[in-house]
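Trainee: Here it is, the structure, as structure tokens.
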Amino acid sequence: MAKNRICLTCGSEYQYCPNCSGAKDIPAWKTEFDEESCKDIFNVISGYNMNIIPAKDVVAVLKKYNITDTSKYKKSIRTKLNEAIETVEATKSEEKTDNKPKFEKKSYK
Ligand SMILES: [Zn+2]
């Protein structure tokens, strides 16, 4: 019997059927998430919330799945994703200001 489930990360409804044929091939995370990216994002955000995973690791998961739009995720997840992205962006621009411009060679004619 197919069950309608709701993904913990993005809130999408999906079909989950533990007793259907081929169910043994269904990964365990399918009980809570519709897609593997949702599982990974949920895990990384949980760690980020507990300060055991740095913001750059959160961004790395987004990059892994080529996710540029966080609007499909639930508000609690989205807020943290955006926070992590901003943190990484801020770090990047700090690094840029540390790099002093290289001395340009003067050309004589
Ligand atoms: Zn999902």
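Residues are referred to by chain and number: the chain letter is A, B, ... according to the order shown in the structure tokens, the number counts from 1 in that chain, and ligands are numbered separately from 1 in the order shown.
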List all protein, DNA and RNA residues that have an atom no more than 12 Å from any atom of ligand 1, counting only C-alpha atoms and all ligand atoms, and report them as a PyMOL selection string.
Mentor: chain A and resi 5-15+29-42+70-74+77
Trainee: Write a file of the selected residues as a PDB file, in the first residue's frame, keeping N, CA and C atoms.
Mentor:
```pdb
ATOM      1  N   ARG A   5       3.744  10.647   1.920  1.00  0.00           N
ATOM      2  CA  ARG A   5       4.551  11.180   2.998  1.00  0.00           C
ATOM      3  C   ARG A   5       4.959  12.600   2.656  1.00  0.00           C
ATOM      4  N   ILE A   6       5.383  13.333   3.673  1.00  0.00           N
ATOM      5  CA  ILE A   6       5.803  14.717   3.447  1.00  0.00           C
ATOM      6  C   ILE A   6       7.277  14.843   3.842  1.00  0.00           C
ATOM      7  N   CYS A   7       8.053  15.340   2.897  1.00  0.00           N
ATOM      8  CA  CYS A   7       9.490  15.476   3.110  1.00  0.00           C
ATOM      9  C   CYS A   7       9.790  16.466   4.243  1.00  0.00           C
ATOM     10  N   LEU A   8      10.685  16.087   5.143  1.00  0.00           N
ATOM     11  CA  LEU A   8      11.048  16.933   6.283  1.00  0.00           C
ATOM     12  C   LEU A   8      11.791  18.199   5.868  1.00  0.00           C
ATOM     13  N   THR A   9      12.436  18.134   4.709  1.00  0.00           N
ATOM     14  CA  THR A   9      13.270  19.266   4.294  1.00  0.00           C
ATOM     15  C   THR A   9      12.524  20.261   3.419  1.00  0.00           C
ATOM     16  N   CYS A  10      11.820  19.737   2.390  1.00  0.00           N
ATOM     17  CA  CYS A  10      11.185  20.660   1.446  1.00  0.00           C
ATOM     18  C   CYS A  10       9.671  20.682   1.561  1.00  0.00           C
ATOM     19  N   GLY A  11       9.093  19.763   2.320  1.00  0.00           N
ATOM     20  CA  GLY A  11       7.649  19.761   2.512  1.00  0.00           C
ATOM     21  C   GLY A  11       6.865  19.177   1.360  1.00  0.00           C
ATOM     22  N   SER A  12       7.563  18.573   0.385  1.00  0.00           N
ATOM     23  CA  SER A  12       6.874  17.965  -0.755  1.00  0.00           C
ATOM     24  C   SER A  12       6.216  16.656  -0.342  1.00  0.00           C
ATOM     25  N   GLU A  13       5.065  16.401  -0.935  1.00  0.00           N
ATOM     26  CA  GLU A  13       4.431  15.110  -0.723  1.00  0.00           C
ATOM     27  C   GLU A  13       5.036  14.110  -1.685  1.00  0.00           C
ATOM     28  N   TYR A  14       5.224  12.912  -1.229  1.00  0.00           N
ATOM     29  CA  TYR A  14       5.741  11.890  -2.128  1.00  0.00           C
ATOM     30  C   TYR A  14       5.194  10.534  -1.724  1.00  0.00           C
ATOM     31  N   GLN A  15       5.301   9.596  -2.647  1.00  0.00           N
ATOM     32  CA  GLN A  15       4.809   8.250  -2.395  1.00  0.00           C
ATOM     33  C   GLN A  15       5.907   7.404  -1.779  1.00  0.00           C
ATOM     34  N   TRP A  29      16.462   6.333   4.044  1.00  0.00           N
ATOM     35  CA  TRP A  29      16.085   7.750   4.182  1.00  0.00           C
ATOM     36  C   TRP A  29      14.771   8.078   3.499  1.00  0.00           C
ATOM     37  N   LYS A  30      14.301   7.175   2.623  1.00  0.00           N
ATOM     38  CA  LYS A  30      13.036   7.406   1.917  1.00  0.00           C
ATOM     39  C   LYS A  30      11.838   7.501   2.852  1.00  0.00           C
ATOM     40  N   THR A  31      12.019   7.058   4.092  1.00  0.00           N
ATOM     41  CA  THR A  31      10.907   7.169   5.044  1.00  0.00           C
ATOM     42  C   THR A  31      10.672   8.616   5.471  1.00  0.00           C
ATOM     43  N   GLU A  32      11.687   9.458   5.290  1.00  0.00           N
ATOM     44  CA  GLU A  32      11.541  10.846   5.742  1.00  0.00           C
ATOM     45  C   GLU A  32      11.776  11.906   4.674  1.00  0.00           C
ATOM     46  N   PHE A  33      12.452  11.511   3.578  1.00  0.00           N
ATOM     47  CA  PHE A  33      12.784  12.498   2.551  1.00  0.00           C
ATOM     48  C   PHE A  33      12.426  11.985   1.168  1.00  0.00           C
ATOM     49  N   ASP A  34      12.052  12.919   0.276  1.00  0.00           N
ATOM     50  CA  ASP A  34      11.692  12.518  -1.080  1.00  0.00           C
ATOM     51  C   ASP A  34      12.922  12.347  -1.965  1.00  0.00           C
ATOM     52  N   GLU A  35      13.955  13.152  -1.710  1.00  0.00           N
ATOM     53  CA  GLU A  35      15.154  13.076  -2.535  1.00  0.00           C
ATOM     54  C   GLU A  35      16.393  13.009  -1.652  1.00  0.00           C
ATOM     55  N   GLU A  36      17.446  12.457  -2.245  1.00  0.00           N
ATOM     56  CA  GLU A  36      18.683  12.318  -1.483  1.00  0.00           C
ATOM     57  C   GLU A  36      19.236  13.688  -1.076  1.00  0.00           C
ATOM     58  N   SER A  37      19.060  14.682  -1.955  1.00  0.00           N
ATOM     59  CA  SER A  37      19.547  16.023  -1.631  1.00  0.00           C
ATOM     60  C   SER A  37      18.866  16.549  -0.372  1.00  0.00           C
ATOM     61  N   CYS A  38      17.582  16.237  -0.216  1.00  0.00           N
ATOM     62  CA  CYS A  38      16.838  16.674   0.968  1.00  0.00           C
ATOM     63  C   CYS A  38      17.389  16.017   2.226  1.00  0.00           C
ATOM     64  N   LYS A  39      17.753  14.745   2.123  1.00  0.00           N
ATOM     65  CA  LYS A  39      18.336  14.024   3.254  1.00  0.00           C
ATOM     66  C   LYS A  39      19.657  14.663   3.650  1.00  0.00           C
ATOM     67  N   ASP A  40      20.519  14.900   2.651  1.00  0.00           N
ATOM     68  CA  ASP A  40      21.834  15.484   2.929  1.00  0.00           C
ATOM     69  C   ASP A  40      21.719  16.883   3.514  1.00  0.00           C
ATOM     70  N   ILE A  41      20.795  17.662   2.979  1.00  0.00           N
ATOM     71  CA  ILE A  41      20.614  19.027   3.472  1.00  0.00           C
ATOM     72  C   ILE A  41      20.111  19.011   4.904  1.00  0.00           C
ATOM     73  N   PHE A  42      19.162  18.126   5.178  1.00  0.00           N
ATOM     74  CA  PHE A  42      18.632  18.025   6.539  1.00  0.00           C
ATOM     75  C   PHE A  42      19.746  17.664   7.525  1.00  0.00           C
ATOM     76  N   THR A  70      17.003  28.258  -2.826  1.00  0.00           N
ATOM     77  CA  THR A  70      16.669  27.623  -1.550  1.00  0.00           C
ATOM     78  C   THR A  70      15.190  27.813  -1.204  1.00  0.00           C
ATOM     79  N   SER A  71      14.438  28.472  -2.077  1.00  0.00           N
ATOM     80  CA  SER A  71      13.059  28.841  -1.739  1.00  0.00           C
ATOM     81  C   SER A  71      12.114  27.647  -1.629  1.00  0.00           C
ATOM     82  N   LYS A  72      12.528  26.492  -2.192  1.00  0.00           N
ATOM     83  CA  LYS A  72      11.623  25.336  -2.123  1.00  0.00           C
ATOM     84  C   LYS A  72      11.651  24.656  -0.751  1.00  0.00           C
ATOM     85  N   TYR A  73      12.633  25.010   0.055  1.00  0.00           N
ATOM     86  CA  TYR A  73      12.762  24.350   1.350  1.00  0.00           C
ATOM     87  C   TYR A  73      11.904  25.022   2.412  1.00  0.00           C
ATOM     88  N   LYS A  74      11.615  24.254   3.442  1.00  0.00           N
ATOM     89  CA  LYS A  74      10.831  24.777   4.550  1.00  0.00           C
ATOM     90  C   LYS A  74      11.549  25.964   5.174  1.00  0.00           C
ATOM     91  N   ILE A  77      14.569  25.458   7.459  1.00  0.00           N
ATOM     92  CA  ILE A  77      15.745  24.974   6.732  1.00  0.00           C
ATOM     93  C   ILE A  77      16.317  26.104   5.884  1.00  0.00           C
TER      94      ILE A  77
END
```
Trainee: Could you write out, as a PyMOL selection string, all the residues of region 5-104 of chain A that DSSP marks as alpha helix (DSSP H)?
Mentor: chain A and resi 36-49+55-64+75-98
Trainee: Put those residues in a file: N, CA and C atoms, as a short mmCIF file (atom, residue, chain, number, x, y, z; two decimals), in the first residue's frame.
Mentor:
```
data_model
loop_
_atom_site.label_atom_id
_atom_site.label_comp_id
_atom_site.auth_asym_id
_atom_site.auth_seq_id
_atom_site.Cartn_x
_atom_site.Cartn_y
_atom_site.Cartn_z
N GLU A 36 17.45 12.46 -2.25
CA GLU A 36 18.68 12.32 -1.48
C GLU A 36 19.24 13.69 -1.08
N SER A 37 19.06 14.68 -1.96
CA SER A 37 19.55 16.02 -1.63
C SER A 37 18.87 16.55 -0.37
N CYS A 38 17.58 16.24 -0.22
CA CYS A 38 16.84 16.67 0.97
C CYS A 38 17.39 16.02 2.23
N LYS A 39 17.75 14.74 2.12
CA LYS A 39 18.34 14.02 3.25
C LYS A 39 19.66 14.66 3.65
N ASP A 40 20.52 14.90 2.65
CA ASP A 40 21.83 15.48 2.93
C ASP A 40 21.72 16.88 3.51
N ILE A 41 20.80 17.66 2.98
CA ILE A 41 20.61 19.03 3.47
C ILE A 41 20.11 19.01 4.90
N PHE A 42 19.16 18.13 5.18
CA PHE A 42 18.63 18.03 6.54
C PHE A 42 19.75 17.66 7.53
N ASN A 43 20.56 16.70 7.14
CA ASN A 43 21.66 16.27 8.02
C ASN A 43 22.68 17.38 8.26
N VAL A 44 23.05 18.06 7.18
CA VAL A 44 24.08 19.08 7.31
C VAL A 44 23.56 20.29 8.12
N ILE A 45 22.28 20.60 7.94
CA ILE A 45 21.69 21.71 8.69
C ILE A 45 21.56 21.36 10.18
N SER A 46 21.25 20.09 10.47
CA SER A 46 21.18 19.66 11.87
C SER A 46 22.53 19.87 12.54
N GLY A 47 23.60 19.49 11.85
CA GLY A 47 24.94 19.67 12.38
C GLY A 47 25.32 21.14 12.49
N TYR A 48 24.89 21.90 11.51
CA TYR A 48 25.17 23.35 11.50
C TYR A 48 24.47 24.02 12.69
N ASN A 49 23.24 23.60 12.97
CA ASN A 49 22.49 24.15 14.11
C ASN A 49 23.18 23.85 15.43
N ALA A 55 29.74 26.51 8.14
CA ALA A 55 28.89 27.03 7.05
C ALA A 55 29.38 26.55 5.69
N LYS A 56 30.69 26.44 5.53
CA LYS A 56 31.21 26.06 4.21
C LYS A 56 30.81 24.64 3.83
N ASP A 57 30.61 23.78 4.82
CA ASP A 57 30.16 22.42 4.52
C ASP A 57 28.70 22.40 4.07
N VAL A 58 27.92 23.33 4.63
CA VAL A 58 26.52 23.46 4.21
C VAL A 58 26.49 23.87 2.75
N VAL A 59 27.30 24.87 2.40
CA VAL A 59 27.36 25.36 1.03
C VAL A 59 27.89 24.27 0.09
N ALA A 60 28.81 23.45 0.59
CA ALA A 60 29.37 22.36 -0.23
C ALA A 60 28.28 21.37 -0.64
N VAL A 61 27.34 21.10 0.27
CA VAL A 61 26.24 20.18 -0.06
C VAL A 61 25.34 20.81 -1.13
N LEU A 62 25.08 22.10 -1.01
CA LEU A 62 24.27 22.78 -2.02
C LEU A 62 24.94 22.71 -3.38
N LYS A 63 26.25 22.88 -3.38
CA LYS A 63 27.01 22.84 -4.64
C LYS A 63 26.97 21.44 -5.23
N LYS A 64 27.10 20.43 -4.36
CA LYS A 64 27.09 19.04 -4.81
C LYS A 64 25.85 18.73 -5.64
N LYS A 75 10.78 26.86 5.76
CA LYS A 75 11.33 28.11 6.28
C LYS A 75 12.49 27.89 7.25
N SER A 76 12.34 26.93 8.16
CA SER A 76 13.39 26.71 9.16
C SER A 76 14.70 26.26 8.51
N ILE A 77 14.57 25.46 7.46
CA ILE A 77 15.74 24.97 6.73
C ILE A 77 16.32 26.10 5.88
N ARG A 78 15.42 26.79 5.17
CA ARG A 78 15.82 27.85 4.24
C ARG A 78 16.59 28.97 4.96
N THR A 79 16.07 29.36 6.13
CA THR A 79 16.71 30.42 6.89
C THR A 79 18.16 30.06 7.19
N LYS A 80 18.38 28.80 7.58
CA LYS A 80 19.72 28.34 7.93
C LYS A 80 20.60 28.22 6.68
N LEU A 81 20.01 27.77 5.59
CA LEU A 81 20.78 27.66 4.34
C LEU A 81 21.26 29.04 3.91
N ASN A 82 20.35 30.00 3.93
CA ASN A 82 20.71 31.35 3.51
C ASN A 82 21.75 31.96 4.44
N GLU A 83 21.61 31.65 5.73
CA GLU A 83 22.57 32.15 6.71
C GLU A 83 23.97 31.60 6.42
N ALA A 84 24.02 30.30 6.11
CA ALA A 84 25.30 29.67 5.80
C ALA A 84 25.91 30.25 4.53
N ILE A 85 25.07 30.47 3.51
CA ILE A 85 25.56 31.05 2.25
C ILE A 85 26.14 32.44 2.51
N GLU A 86 25.42 33.23 3.30
CA GLU A 86 25.89 34.59 3.59
C GLU A 86 27.20 34.57 4.36
N THR A 87 27.31 33.62 5.30
CA THR A 87 28.54 33.50 6.10
C THR A 87 29.73 33.21 5.19
N VAL A 88 29.53 32.28 4.26
CA VAL A 88 30.60 31.91 3.34
C VAL A 88 30.95 33.07 2.41
N GLU A 89 29.92 33.76 1.93
CA GLU A 89 30.16 34.92 1.06
C GLU A 89 30.96 36.00 1.79
N ALA A 90 30.60 36.22 3.05
CA ALA A 90 31.29 37.24 3.86
C ALA A 90 32.76 36.88 4.05
N THR A 91 33.02 35.60 4.27
CA THR A 91 34.40 35.14 4.45
C THR A 91 35.20 35.36 3.17
N LYS A 92 34.54 35.08 2.04
CA LYS A 92 35.20 35.27 0.74
C LYS A 92 35.64 36.71 0.54
N SER A 93 34.73 37.65 0.81
CA SER A 93 35.07 39.06 0.55
C SER A 93 36.14 39.55 1.52
N GLU A 94 36.19 38.97 2.73
CA GLU A 94 37.25 39.32 3.67
C GLU A 94 38.61 38.90 3.11
N GLU A 95 38.63 37.71 2.53
CA GLU A 95 39.88 37.21 1.95
C GLU A 95 40.36 38.11 0.82
N LYS A 96 39.39 38.61 0.07
CA LYS A 96 39.73 39.47 -1.07
C LYS A 96 40.43 40.74 -0.60
N THR A 97 39.90 41.36 0.47
CA THR A 97 40.49 42.61 0.94
C THR A 97 41.89 42.39 1.52
N ASP A 98 42.15 41.17 1.97
CA ASP A 98 43.48 40.86 2.49
C ASP A 98 44.53 40.80 1.39
#
```
Trainee: Pick out each residue of chain A that DSSP on the backbone tags as strand (DSSP E); I need them as a ChimeraX atom specification.
Mentor: /A:3-6,13-16
